[in-house]
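Below you'll find the structure, written out as structure tokens, and then a few comments.
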4 protein chains.
Amino acid sequence: MEIQKRIRIGVIGGARPQTKYRKLALEVGRLIAEKGAILVCGGLSGVMEAAARGVREAGGFSLGILPGNSPQDANPYIDMAVATGMGFSRNNLVVMNSDVLIAIDGEFGTLSEIAYARVYGKKIVGLGTWEIEGIIPVETPTEAVDHALKDFYPLIR
Amino acid sequence: MEIQKRIRIGVIGGARPQTKYRKLALEVGRLIAEKGAILVCGGLSGVMEAAARGVREAGGFSLGILPGNSPQDANPYIDMAVATGMGFSRNNLVVMNSDVLIAIDGEFGTLSEIAYARVYGKKIVGLGTWEIEGIIPVETPTEAVDHALKDFYPLIR
Amino acid sequence: MEIQKRIRIGVIGGARPQTKYRKLALEVGRLIAEKGAILVCGGLSGVMEAAARGVREAGGFSLGILPGNSPQDANPYIDMAVATGMGFSRNNLVVMNSDVLIAIDGEFGTLSEIAYARVYGKKIVGLGTWEIEGIIPVETPTEAVDHALKDFYPLIR
Amino acid sequence: MEIQKRIRIGVIGGARPQTKYRKLALEVGRLIAEKGAILVCGGLSGVMEAAARGVREAGGFSLGILPGNSPQDANPYIDMAVATGMGFSRNNLVVMNSDVLIAIDGEFGTLSEIAYARVYGKKIVGLGTWEIEGIIPVETPTEAVDHALKDFYPLIR
């Protein structure tokens with residue numbers, strides 16, 4: 001397969017978002033799949049699950065990097081779950097495995113991922129999330145995915 | 001995709017094996033793919049690369065869990081590489097993400113993975129590897145994959 | 001020794017701070033030692049080194065949790081260095097091993113630590129650092145250490 | 001303090017050893033402290049606890065590197081506990097933070113640590129433990145500590 005060669009978009013956000021953010025994440029997931037990119041996320045609930053569901057509905061591929069010890073902990077839309085057994089240290093791995101990130105809503109776990117993205121100098125686009133220096137704020141899922149991908153054409157390495 | 005539901009076979013072994021072990025690993029990889037299982041490995045060279053190449057040739061799917069910071073470090077046959085940035089601690093993750101393991105040849109890094117497999121009580125089949133209590137010794141790739149999978153029918157969870 | 005029973009104050013901040021922040025960190029370190037608490041930090045340069053130097057000058061004890069593979073990487077004022085080999089994932093361990101934190105200046109690595117402190121609901125006091133919900137802003141080293149310790153009397157568990 | 005400059009001896013072994021191995025570990029701990037070296041261990045029960053108790057009784061210093069999230073998980077004889085939150089991946093950190101190791105009894109977790117010691121080319125002395133290429137077998141605690149330290153004179157870096 002050529003999955004390994006596709007651009008990876010990390011989608012980060014809270015485990016318990018309001019409905020409007022779930023909808024945004026679902027749409028972001030769909031667009032990621034339609035563009036031929038891979039979704040990378042934390043593999044659990046909320047924004048992570050909505051984005052993975054969007055990817056599934058549009059026939060894409062999602063990688064979930066989990067804090068616990070079992071790949072079975074992933075939400076049902078994850079195509080490849082990787083258990084780390086390292087708790088919140090896995091937030092660093094979500095970022096490390098993404099070429100570019102989209103933050104949607106989110107609490108302090110998401111803030112740690114935004115911080116790691118900036119440590120590595122990775123581009124990060126924000127939809128209703130933390131206002132941190134370097135995040136590119138956008139208004140819609142289409143803008144988010146377009147901004148995320150525009151430095152990466154063609155999308156296959 | 002239904003990739004997340006397939007049984008995962010970890011293949012562990014040295015980065016610099018003799019040719020005969022590379023051939024065994026290649027054949028093990030082919031059989032894993034033919035049986036519809038997923039290969040999990042450390043994503044680098046030697047046994048890891050030969051097994052992933054076998055999987056690729058037979059149209060399967062491989063997950064490579066890397067010690068370094070970049071998914072680009074994987075050998076060219078890995079379908080999904082996950083960077084951990086945690087050095088040899090990633091050996092634990094290779095085991096944690098496998099349902100059952102096949103050890104081929106191998107040095108001390110492989111021994112650490114055998115040890116982790118036994119810590120978790122996971123079945124481990126051996127082809128020309130360490131003689132450690134609990135490893136099931138076999139002679140051929142076919143025996144190795146058959147032994148690895150016989151507790152897991154049907155192969156889809 | 002009774003070192004294990006003492007309260008641990010994590011001091012987080014940038015590796016390349018301006019002189020004024022180094023001075024604040026040095027003074028914070030001195031006060032931590034004078035109060036009988038332990039310093040926990042990332043073990044490298046800048047704010048981490050200045051705080052550890054302050055602790056050393058006042059006869060206290062400092063723990064440095066390092067991103068690399070060798071305890072020898074620590075700055076010369078660290079009393080016990082622990083290598084993790086896990087890169088920036090060690091930021092989580094700095095927080096996990098602190099009872100309360102003081103952030104001084106700091107860039108995105110510090111922001112990741114602030115975020116982890118908030119994930120765990122740990123108190124965090126700020127001296128010229130990020131303005132994030134939940135950080136208690138103070139003006140002087142004395143205020144910082146007093147705020148950090150006031151929930152922890154007596155200081156021995 | 002000059003604790004950071006002392007040689008570190010890792011003592012590895014099972015959490016549920018027979019009484020005779022506990023006694024050996026206790027004596028090894030005492031000798032480590034008497035020689036002025038630091039004990040590094042996994043910080044929990046069994047061999048780890050007996051060794052730390054021996055160190056405490058002889059007035060030395062012990063570092064416990066824990067698998068869980070809290071420094072409070074350590075046995076009562078540990079002088080400095082470091083939580084990693086990374087489960088059995090912490091076995092790698094026990095080895096990484098030791099200059100030389102002594103294995104006493106032990107099951108598969110200990111085997112993973114022996115394997116890591118050999119990956120890094122660190123000397124490892126064995127008292128009634130796994131018979132693995134490269135382990136130096138000895139009969140008594142005195143022999144174990146003498147063998148461990150003989151390459152490290154003077155004991156202060």
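All residue names refer to the structure tokens as shown: chains lettered A, B, ... in order, residues numbered from 1 in each chain, ligands numbered from 1 in order.
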
Return the neighbours of chain C among the residues of chain A, cut-off 6 Å, counting only C-alpha atoms, as a tab-separated table (two decimals) with all heavy atoms, in the first residue's frame.
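Result file selection.tsv:
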chain	number	residue	atom	x	y	z
A	89	SER	N	2.17	11.10	28.11
A	89	SER	CA	3.38	11.28	27.30
A	89	SER	C	3.08	10.96	25.84
A	89	SER	O	3.81	11.39	24.95
A	89	SER	CB	4.52	10.38	27.79
A	89	SER	OG	4.95	10.74	29.09
A	92	ASN	N	2.92	13.68	22.98
A	92	ASN	CA	4.10	14.01	22.18
A	92	ASN	C	4.16	13.15	20.92
A	92	ASN	O	4.53	13.62	19.85
A	92	ASN	CB	5.36	13.79	23.03
A	92	ASN	CG	6.65	14.17	22.33
A	92	ASN	OD1	6.65	14.98	21.39
A	92	ASN	ND2	7.74	13.58	22.77
A	108	PHE	N	-6.67	21.11	28.34
A	108	PHE	CA	-5.23	21.20	28.61
A	108	PHE	C	-4.41	20.11	27.91
A	108	PHE	O	-3.25	20.32	27.58
A	108	PHE	CB	-4.98	21.23	30.12
A	108	PHE	CG	-5.47	22.49	30.75
A	108	PHE	CD1	-6.62	22.52	31.52
A	108	PHE	CD2	-4.80	23.69	30.52
A	108	PHE	CE1	-7.08	23.72	32.07
A	108	PHE	CE2	-5.25	24.89	31.07
A	108	PHE	CZ	-6.40	24.89	31.85
A	111	LEU	N	-3.76	21.54	24.71
A	111	LEU	CA	-2.73	22.59	24.84
A	111	LEU	C	-1.33	21.99	24.86
A	111	LEU	O	-0.40	22.54	24.27
A	111	LEU	CB	-2.98	23.41	26.11
A	111	LEU	CG	-2.01	24.58	26.35
A	111	LEU	CD1	-2.04	25.61	25.23
A	111	LEU	CD2	-2.31	25.26	27.69
A	112	SER	N	-1.18	20.83	25.51
A	112	SER	CA	0.15	20.20	25.51
A	112	SER	C	0.56	19.81	24.10
A	112	SER	O	1.73	19.91	23.73
A	112	SER	CB	0.18	18.97	26.45
A	112	SER	OG	-0.51	17.88	25.90
A	115	ALA	N	1.58	22.86	22.18
A	115	ALA	CA	2.92	23.25	22.62
A	115	ALA	C	3.99	22.39	21.92
A	115	ALA	O	4.99	22.90	21.42
A	115	ALA	CB	3.04	23.12	24.14
A	119	VAL	N	7.06	23.41	19.54
A	119	VAL	CA	8.44	23.01	19.84
A	119	VAL	C	9.11	22.49	18.57
A	119	VAL	O	10.27	22.81	18.27
A	119	VAL	CB	8.47	21.92	20.93
A	119	VAL	CG1	9.84	21.23	20.99
A	119	VAL	CG2	8.12	22.49	22.31

Fewer than 5 positions away in the same chain doesn't count, so skip those; otherwise give me all residues within 7 Å of segment 38-52 of chain B, counting only C-alpha atoms, as an MDAnalysis selection string. chainID B and resid 6:17 22 25:26 28:29 32:33 60:66 74:75 77:78 81 94 98

Residue list (strand (DSSP E), DSSP) for chain C, as a ChimeraX atom specification: /C:8-13,38-41,61-66,80-83,100-104,124-127,135-137

Write down as a list in words the residues belonging to segment 52-110 of chain C that are assigned helix (DSSP H, G or I) by DSSP computed on the backbone.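 Reading the DSSP output for segment 52-110 of chain C, helix (DSSP H, G or I) covers Ala52, Arg53, Gly54, Val55, Arg56, Glu57, Pro71, Gln72, Asp73, Gly87, Phe88, Ser89, Arg90, Asn91, Asn92, Leu93, Val94, Val95, Met96, Phe108, Gly109 and Thr110 of chain C.
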
Interatomic distance (Å, one decimal) between atom CA of Leu101 of chain A and atom CA of Ala148 of chain A: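 According to the coordinates, atom CA of Leu101 of chain A and atom CA of Ala148 of chain A are separated by 6.9 Å.
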